[in-house]
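One file, target12.cif, is given below (mmCIF, C-alpha atoms and all ligand atoms).
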data_my_file
loop_
_atom_site.group_PDB
_atom_site.id
_atom_site.type_symbol
_atom_site.label_atom_id
_atom_site.label_comp_id
_atom_site.auth_asym_id
_atom_site.auth_seq_id
_atom_site.Cartn_x
_atom_site.Cartn_y
_atom_site.Cartn_z
ATOM 1 C CA MET A 1 0.000 0.000 0.000
ATOM 2 C CA ASP A 2 1.233 3.446 -0.896
ATOM 3 C CA VAL A 3 1.420 5.358 2.414
ATOM 4 C CA PRO A 4 1.148 9.125 1.998
ATOM 5 C CA ASP A 5 3.948 11.299 3.323
ATOM 6 C CA PHE A 6 1.622 13.758 5.078
ATOM 7 C CA ARG A 7 -0.659 13.500 8.107
ATOM 8 C CA ILE A 8 -3.061 16.042 9.579
ATOM 9 C CA GLY A 9 -4.100 16.215 13.251
ATOM 10 C CA LEU A 10 -6.816 18.110 15.103
ATOM 11 C CA GLY A 11 -7.059 19.000 18.797
ATOM 12 C CA HIS A 12 -9.603 20.700 21.034
ATOM 13 C CA ASP A 13 -9.728 21.463 24.748
ATOM 14 C CA THR A 14 -11.949 23.261 27.250
ATOM 15 C CA HIS A 15 -11.323 24.089 30.910
ATOM 16 C CA ARG A 16 -13.376 25.940 33.484
ATOM 17 C CA LEU A 17 -12.265 29.429 34.475
ATOM 18 C CA VAL A 18 -12.071 29.940 38.246
ATOM 19 C CA ALA A 19 -10.645 32.308 40.838
ATOM 20 C CA GLY A 20 -7.413 31.392 42.611
ATOM 21 C CA ARG A 21 -5.622 29.771 39.657
ATOM 22 C CA GLU A 22 -2.820 31.014 37.394
ATOM 23 C CA LEU A 23 -3.738 31.477 33.741
ATOM 24 C CA TRP A 24 -1.396 29.710 31.285
ATOM 25 C CA LEU A 25 -1.983 29.866 27.524
ATOM 26 C CA GLY A 26 0.487 28.370 25.083
ATOM 27 C CA GLY A 27 3.169 28.164 27.764
ATOM 28 C CA VAL A 28 2.834 31.860 28.613
ATOM 29 C CA ARG A 29 1.674 33.122 32.022
ATOM 30 C CA ILE A 30 -1.120 35.650 31.442
ATOM 31 C CA GLU A 31 -1.840 38.186 34.153
ATOM 32 C CA PHE A 32 -5.580 37.826 34.919
ATOM 33 C CA GLU A 33 -7.910 37.650 37.920
ATOM 34 C CA LYS A 34 -8.887 34.040 37.151
ATOM 35 C CA GLY A 35 -7.208 30.911 35.803
ATOM 36 C CA LEU A 36 -8.129 27.564 34.273
ATOM 37 C CA LEU A 37 -9.027 24.642 36.514
ATOM 38 C CA GLY A 38 -7.327 21.319 35.866
ATOM 39 C CA HIS A 39 -5.058 18.548 37.115
ATOM 40 C CA SER A 40 -2.044 20.039 35.312
ATOM 41 C CA ASP A 41 -1.490 23.765 34.723
ATOM 42 C CA ALA A 42 -4.668 23.470 32.542
ATOM 43 C CA ASP A 43 -3.057 25.144 29.517
ATOM 44 C CA ILE A 44 -5.860 24.587 26.978
ATOM 45 C CA LEU A 45 -3.764 25.639 24.017
ATOM 46 C CA LEU A 46 -0.938 23.203 24.761
ATOM 47 C CA HIS A 47 -3.464 20.445 25.479
ATOM 48 C CA ALA A 48 -5.192 21.027 22.127
ATOM 49 C CA LEU A 49 -1.814 21.120 20.399
ATOM 50 C CA THR A 50 -0.686 17.912 22.135
ATOM 51 C CA ASP A 51 -3.873 16.165 20.977
ATOM 52 C CA ALA A 52 -3.339 17.449 17.434
ATOM 53 C CA VAL A 53 0.230 16.131 17.270
ATOM 54 C CA LEU A 54 -0.665 12.763 18.849
ATOM 55 C CA GLY A 55 -3.725 12.484 16.612
ATOM 56 C CA ALA A 56 -1.784 13.139 13.428
ATOM 57 C CA ALA A 57 0.570 10.277 14.288
ATOM 58 C CA GLY A 58 -2.268 7.925 15.281
ATOM 59 C CA LEU A 59 -1.210 7.924 18.942
ATOM 60 C CA GLY A 60 -4.582 8.504 20.624
ATOM 61 C CA ASP A 61 -4.939 11.503 22.918
ATOM 62 C CA ILE A 62 -3.382 13.378 25.821
ATOM 63 C CA GLY A 63 -5.512 11.469 28.346
ATOM 64 C CA ASP A 64 -4.107 8.127 27.099
ATOM 65 C CA ALA A 65 -0.552 9.435 27.287
ATOM 66 C CA PHE A 66 -0.813 11.343 30.594
ATOM 67 C CA PRO A 67 -3.826 10.212 32.685
ATOM 68 C CA ASP A 68 -5.261 12.965 34.888
ATOM 69 C CA THR A 69 -5.566 10.408 37.690
ATOM 70 C CA ASP A 70 -1.769 10.074 37.834
ATOM 71 C CA PRO A 71 -0.313 12.221 40.660
ATOM 72 C CA ALA A 72 2.888 12.563 38.606
ATOM 73 C CA TYR A 73 1.059 15.078 36.405
ATOM 74 C CA ALA A 74 -0.504 17.174 39.182
ATOM 75 C CA GLY A 75 0.251 20.823 38.494
ATOM 76 C CA ILE A 76 2.681 19.863 35.703
ATOM 77 C CA ASP A 77 3.862 22.394 33.129
ATOM 78 C CA SER A 78 1.950 21.334 29.988
ATOM 79 C CA SER A 79 4.901 22.294 27.784
ATOM 80 C CA LEU A 80 6.638 19.198 29.195
ATOM 81 C CA LEU A 81 3.682 17.011 28.169
ATOM 82 C CA PHE A 82 3.734 18.574 24.722
ATOM 83 C CA ALA A 83 7.505 18.141 24.344
ATOM 84 C CA ARG A 84 7.274 14.458 25.319
ATOM 85 C CA SER A 85 4.444 13.903 22.825
ATOM 86 C CA LEU A 86 6.338 15.616 20.015
ATOM 87 C CA GLU A 87 9.366 13.476 20.826
ATOM 88 C CA ARG A 88 7.273 10.280 20.475
ATOM 89 C CA VAL A 89 5.918 11.512 17.145
ATOM 90 C CA ARG A 90 9.436 12.301 15.900
ATOM 91 C CA GLU A 91 10.652 8.873 16.959
ATOM 92 C CA LEU A 92 8.038 7.424 14.596
ATOM 93 C CA GLY A 93 9.698 9.328 11.754
ATOM 94 C CA TRP A 94 7.420 12.363 11.515
ATOM 95 C CA THR A 95 8.395 16.000 11.373
ATOM 96 C CA LEU A 96 6.112 18.963 12.045
ATOM 97 C CA VAL A 97 5.352 21.248 9.081
ATOM 98 C CA ASN A 98 3.100 23.914 10.612
ATOM 99 C CA VAL A 99 0.734 24.677 13.453
ATOM 100 C CA ASP A 100 -2.450 26.756 13.473
ATOM 101 C CA CYS A 101 -4.592 27.340 16.531
ATOM 102 C CA THR A 102 -7.409 29.401 18.005
ATOM 103 C CA ILE A 103 -8.061 30.428 21.599
ATOM 104 C CA PHE A 104 -11.656 31.203 22.598
ATOM 105 C CA ALA A 105 -11.750 33.577 25.582
ATOM 106 C CA GLN A 106 -14.052 36.451 26.430
ATOM 107 C CA ARG A 107 -11.448 38.118 28.644
ATOM 108 C CA PRO A 108 -8.649 39.060 28.984
ATOM 109 C CA LYS A 109 -8.002 40.639 25.589
ATOM 110 C CA LEU A 110 -5.344 38.403 24.060
ATOM 111 C CA VAL A 111 -4.086 40.862 21.437
ATOM 112 C CA PRO A 112 -1.187 42.027 23.676
ATOM 113 C CA PHE A 113 -0.074 38.391 24.215
ATOM 114 C CA LYS A 114 -0.470 36.984 20.703
ATOM 115 C CA LEU A 115 3.104 37.486 19.559
ATOM 116 C CA GLN A 116 4.528 36.200 22.835
ATOM 117 C CA ILE A 117 2.358 33.060 22.659
ATOM 118 C CA ARG A 118 3.347 32.443 19.029
ATOM 119 C CA GLN A 119 7.007 32.899 19.887
ATOM 120 C CA ARG A 120 6.750 30.427 22.763
ATOM 121 C CA LEU A 121 4.915 27.895 20.555
ATOM 122 C CA ALA A 122 7.525 28.325 17.806
ATOM 123 C CA GLU A 123 10.221 27.620 20.401
ATOM 124 C CA LEU A 124 8.394 24.487 21.607
ATOM 125 C CA VAL A 125 7.854 23.099 18.108
ATOM 126 C CA GLN A 126 11.251 24.316 16.844
ATOM 127 C CA LEU A 127 9.788 25.977 13.752
ATOM 128 C CA PRO A 128 10.110 29.490 12.284
ATOM 129 C CA LEU A 129 7.486 31.977 13.457
ATOM 130 C CA ASP A 130 5.630 31.986 10.109
ATOM 131 C CA CYS A 131 4.923 28.253 10.537
ATOM 132 C CA VAL A 132 3.123 28.867 13.833
ATOM 133 C CA ASN A 133 -0.117 30.834 13.854
ATOM 134 C CA MET A 134 -2.376 31.752 16.748
ATOM 135 C CA LYS A 135 -5.806 33.371 16.551
ATOM 136 C CA ALA A 136 -7.964 34.737 19.356
ATOM 137 C CA LYS A 137 -11.757 34.856 19.450
ATOM 138 C CA THR A 138 -14.190 36.040 22.115
ATOM 139 C CA GLY A 139 -17.429 34.227 22.992
ATOM 140 C CA GLU A 140 -19.532 37.216 21.909
ATOM 141 C CA HIS A 141 -20.862 37.371 25.517
ATOM 142 C CA VAL A 142 -22.937 34.199 25.039
ATOM 143 C CA GLY A 143 -22.463 30.594 26.145
ATOM 144 C CA PRO A 144 -19.863 29.392 28.680
ATOM 145 C CA ILE A 145 -17.014 31.207 26.899
ATOM 146 C CA GLY A 146 -18.926 34.474 26.621
ATOM 147 C CA ARG A 147 -20.005 34.319 30.276
ATOM 148 C CA GLU A 148 -16.347 33.780 31.276
ATOM 149 C CA GLU A 149 -17.090 30.361 32.774
ATOM 150 C CA ALA A 150 -14.616 28.584 30.495
ATOM 151 C CA MET A 151 -11.999 28.965 27.783
ATOM 152 C CA SER A 152 -11.405 26.680 24.810
ATOM 153 C CA ALA A 153 -8.722 26.120 22.212
ATOM 154 C CA ASP A 154 -8.505 24.423 18.832
ATOM 155 C CA ALA A 155 -5.289 23.325 17.160
ATOM 156 C CA ILE A 156 -4.414 21.750 13.845
ATOM 157 C CA VAL A 157 -1.033 20.475 12.706
ATOM 158 C CA LEU A 158 0.513 18.967 9.599
ATOM 159 C CA LEU A 159 3.190 16.294 9.799
ATOM 160 C CA ARG A 160 5.367 15.063 6.974
ATOM 161 C CA ARG A 161 7.566 12.028 6.892
ATOM 162 C CA ALA A 162 11.064 13.044 7.951
ATOM 163 C CA VAL A 163 13.765 12.832 5.308
ATOM 164 C CA LYS A 164 16.027 9.934 6.286
HETATM 165 MG MG MG B 201 -6.993 19.835 29.118
#
What is this file in structure tokens?
Ligand code: MG
Amino acid sequence: MDVPDFRIGLGHDTHRLVAGRELWLGGVRIEFEKGLLGHSDADILLHALTDAVLGAAGLGDIGDAFPDTDPAYAGIDSSLLFARSLERVRELGWTLVNVDCTIFAQRPKLVPFKLQIRQRLAELVQLPLDCVNMKAKTGEHVGPIGREEAMSADAIVLLRRAVK
């Protein structure tokens, strides 16, 4: 069978927004009065991106790789989970081509953080900045996003077979 040299992967994540937590998006600490609730640092963008990368390689999802019942991952920096996942994908002979993602958050305004988040993502995936895109959307004041009860993120990645 002729196996194509490209794979696409999609990821999505949602966490509840609560008081008394730090807000982490794409590996960047965002100054805000609330943060995302979760077993790890609850970085929705890195979780969506991890799922996208694992999915593209046919490796299941972040919950299979790092169960949220495992105390080893309590409070963990999600960039470590992402880096480990990318490493597994690379070991299978895949290389990342580009990343595109969207954060859904009513507040805070993410415009001032967009470049910083992209730069951090580019560092994590070891790609030039123009291969890593990040978009920000509000919830238009409706639904759980719009009422500031939650934030979500989508991510999509393309993998190509690494040149041997
Ligand atoms: Mg998550």
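Considering all atoms listed in the file, the residue among A:Asp154, A:Asp2, A:Asp130, A:Glu33 positioned nearest to ligand MG 201 (chain B) is A:Asp154.
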Selection result of the PyMOL selection byres (((chain A and resi 63-68) around 12) and not hetatm) on this file, as a short mmCIF file (atom, residue, chain, number, x, y, z; two decimals) with C-alpha atoms, in the coordinates of the input:
data_model
loop_
_atom_site.label_atom_id
_atom_site.label_comp_id
_atom_site.auth_asym_id
_atom_site.auth_seq_id
_atom_site.Cartn_x
_atom_site.Cartn_y
_atom_site.Cartn_z
CA ASP A 13 -9.73 21.46 24.75
CA GLY A 38 -7.33 21.32 35.87
CA HIS A 39 -5.06 18.55 37.12
CA SER A 40 -2.04 20.04 35.31
CA ASP A 41 -1.49 23.76 34.72
CA ALA A 42 -4.67 23.47 32.54
CA HIS A 47 -3.46 20.44 25.48
CA ALA A 48 -5.19 21.03 22.13
CA THR A 50 -0.69 17.91 22.14
CA ASP A 51 -3.87 16.16 20.98
CA LEU A 54 -0.66 12.76 18.85
CA GLY A 55 -3.72 12.48 16.61
CA GLY A 58 -2.27 7.92 15.28
CA LEU A 59 -1.21 7.92 18.94
CA GLY A 60 -4.58 8.50 20.62
CA ASP A 61 -4.94 11.50 22.92
CA ILE A 62 -3.38 13.38 25.82
CA THR A 69 -5.57 10.41 37.69
CA ASP A 70 -1.77 10.07 37.83
CA PRO A 71 -0.31 12.22 40.66
CA ALA A 72 2.89 12.56 38.61
CA TYR A 73 1.06 15.08 36.40
CA ALA A 74 -0.50 17.17 39.18
CA GLY A 75 0.25 20.82 38.49
CA ILE A 76 2.68 19.86 35.70
CA SER A 78 1.95 21.33 29.99
CA LEU A 80 6.64 19.20 29.20
CA LEU A 81 3.68 17.01 28.17
CA PHE A 82 3.73 18.57 24.72
CA ARG A 84 7.27 14.46 25.32
CA SER A 85 4.44 13.90 22.82
CA LEU A 86 6.34 15.62 20.02
CA ARG A 88 7.27 10.28 20.48
#
Query raised in the report: Could you spell out the hits of the PyMOL selection byres (((chain A and resi 31) around 12) and not hetatm) on the shown file, as number ranges by chain?
Result: A: 21-25, 28-30, 32-35, 107-110, 112-113
Query raised in the report: If the PyMOL selection byres (((chain A and resi 137) around 12) and not hetatm) is run on the structure shown, which residues does it catch, given as a PyMOL selection string?
Result: chain A and resi 101-111+114+134-136+138-141+145-146+151-154
Query raised in the report: Can you tell me, as a ChimeraX atom specification, what residues are no more than 12 Å from Leu121 in chain A when counting all atoms listed in the file, ignoring any on the same chain fewer than 2 positions away?
Result: /A:25-28,45-46,49-50,78-79,82-83,98-101,114-119,123-134,155
Restore all heavy atoms in range 93-104 of chain A and list the result as an mmCIF file, keeping the file's coordinate frame.
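Below is the file that was written, result-v2.cif:
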data_model
loop_
_atom_site.group_PDB
_atom_site.id
_atom_site.type_symbol
_atom_site.label_atom_id
_atom_site.label_comp_id
_atom_site.auth_asym_id
_atom_site.auth_seq_id
_atom_site.Cartn_x
_atom_site.Cartn_y
_atom_site.Cartn_z
ATOM 1 N N GLY A 93 9.240 8.894 13.077
ATOM 2 C CA GLY A 93 9.698 9.328 11.754
ATOM 3 C C GLY A 93 8.920 10.482 11.158
ATOM 4 O O GLY A 93 8.957 10.709 9.945
ATOM 5 N N TRP A 94 8.181 11.229 12.026
ATOM 6 C CA TRP A 94 7.420 12.363 11.515
ATOM 7 C C TRP A 94 8.080 13.677 11.911
ATOM 8 O O TRP A 94 8.699 13.779 12.960
ATOM 9 C CB TRP A 94 5.993 12.348 12.064
ATOM 10 C CG TRP A 94 5.192 11.178 11.614
ATOM 11 C CD1 TRP A 94 4.865 10.076 12.349
ATOM 12 C CD2 TRP A 94 4.622 10.979 10.313
ATOM 13 N NE1 TRP A 94 4.132 9.198 11.589
ATOM 14 C CE2 TRP A 94 3.964 9.725 10.342
ATOM 15 C CE3 TRP A 94 4.605 11.725 9.133
ATOM 16 C CZ2 TRP A 94 3.300 9.209 9.226
ATOM 17 C CZ3 TRP A 94 3.937 11.215 8.033
ATOM 18 C CH2 TRP A 94 3.296 9.964 8.082
ATOM 19 N N THR A 95 7.906 14.671 11.048
ATOM 20 C CA THR A 95 8.395 16.000 11.373
ATOM 21 C C THR A 95 7.238 16.985 11.210
ATOM 22 O O THR A 95 6.364 16.798 10.351
ATOM 23 C CB THR A 95 9.627 16.357 10.497
ATOM 24 O OG1 THR A 95 10.147 17.601 10.915
ATOM 25 C CG2 THR A 95 9.298 16.437 9.035
ATOM 26 N N LEU A 96 7.214 18.003 12.050
ATOM 27 C CA LEU A 96 6.112 18.963 12.045
ATOM 28 C C LEU A 96 6.323 19.988 10.931
ATOM 29 O O LEU A 96 7.435 20.512 10.770
ATOM 30 C CB LEU A 96 6.105 19.640 13.417
ATOM 31 C CG LEU A 96 4.857 20.332 13.922
ATOM 32 C CD1 LEU A 96 3.629 19.449 13.805
ATOM 33 C CD2 LEU A 96 5.079 20.718 15.384
ATOM 34 N N VAL A 97 5.261 20.268 10.173
ATOM 35 C CA VAL A 97 5.352 21.248 9.081
ATOM 36 C C VAL A 97 4.859 22.618 9.551
ATOM 37 O O VAL A 97 5.545 23.621 9.411
ATOM 38 C CB VAL A 97 4.516 20.801 7.855
ATOM 39 C CG1 VAL A 97 4.550 21.855 6.759
ATOM 40 C CG2 VAL A 97 5.018 19.458 7.334
ATOM 41 N N ASN A 98 3.645 22.655 10.093
ATOM 42 C CA ASN A 98 3.100 23.914 10.612
ATOM 43 C C ASN A 98 2.012 23.662 11.643
ATOM 44 O O ASN A 98 1.510 22.541 11.786
ATOM 45 C CB ASN A 98 2.571 24.817 9.490
ATOM 46 C CG ASN A 98 1.241 24.355 8.957
ATOM 47 O OD1 ASN A 98 1.105 23.205 8.549
ATOM 48 N ND2 ASN A 98 0.250 25.229 8.970
ATOM 49 N N VAL A 99 1.710 24.720 12.367
ATOM 50 C CA VAL A 99 0.734 24.677 13.453
ATOM 51 C C VAL A 99 -0.206 25.863 13.278
ATOM 52 O O VAL A 99 0.252 26.980 13.013
ATOM 53 C CB VAL A 99 1.464 24.845 14.813
ATOM 54 C CG1 VAL A 99 0.481 25.066 15.947
ATOM 55 C CG2 VAL A 99 2.381 23.670 15.096
ATOM 56 N N ASP A 100 -1.500 25.641 13.424
ATOM 57 C CA ASP A 100 -2.450 26.756 13.473
ATOM 58 C C ASP A 100 -3.377 26.504 14.649
ATOM 59 O O ASP A 100 -3.748 25.347 14.911
ATOM 60 C CB ASP A 100 -3.235 26.846 12.156
ATOM 61 C CG ASP A 100 -4.033 28.140 12.053
ATOM 62 O OD1 ASP A 100 -3.752 29.096 12.818
ATOM 63 O OD2 ASP A 100 -4.946 28.192 11.207
ATOM 64 N N CYS A 101 -3.733 27.541 15.367
ATOM 65 C CA CYS A 101 -4.592 27.340 16.531
ATOM 66 C C CYS A 101 -5.444 28.566 16.825
ATOM 67 O O CYS A 101 -5.168 29.668 16.348
ATOM 68 C CB CYS A 101 -3.768 26.930 17.741
ATOM 69 S SG CYS A 101 -2.382 27.983 18.067
ATOM 70 N N THR A 102 -6.494 28.329 17.601
ATOM 71 C CA THR A 102 -7.409 29.401 18.005
ATOM 72 C C THR A 102 -7.695 29.272 19.492
ATOM 73 O O THR A 102 -7.978 28.162 19.967
ATOM 74 C CB THR A 102 -8.743 29.310 17.235
ATOM 75 O OG1 THR A 102 -8.476 29.264 15.839
ATOM 76 C CG2 THR A 102 -9.634 30.512 17.529
ATOM 77 N N ILE A 103 -7.630 30.390 20.195
ATOM 78 C CA ILE A 103 -8.061 30.428 21.599
ATOM 79 C C ILE A 103 -9.401 31.147 21.644
ATOM 80 O O ILE A 103 -9.566 32.198 21.019
ATOM 81 C CB ILE A 103 -7.052 31.185 22.493
ATOM 82 C CG1 ILE A 103 -5.702 30.484 22.489
ATOM 83 C CG2 ILE A 103 -7.573 31.323 23.920
ATOM 84 C CD1 ILE A 103 -4.622 31.218 23.269
ATOM 85 N N PHE A 104 -10.349 30.580 22.403
ATOM 86 C CA PHE A 104 -11.656 31.203 22.598
ATOM 87 C C PHE A 104 -11.728 31.687 24.042
ATOM 88 O O PHE A 104 -11.759 30.864 24.962
ATOM 89 C CB PHE A 104 -12.780 30.193 22.322
ATOM 90 C CG PHE A 104 -12.757 29.652 20.917
ATOM 91 C CD1 PHE A 104 -11.953 28.561 20.583
ATOM 92 C CD2 PHE A 104 -13.530 30.243 19.926
ATOM 93 C CE1 PHE A 104 -11.924 28.060 19.290
ATOM 94 C CE2 PHE A 104 -13.504 29.748 18.624
ATOM 95 C CZ PHE A 104 -12.697 28.656 18.309
#
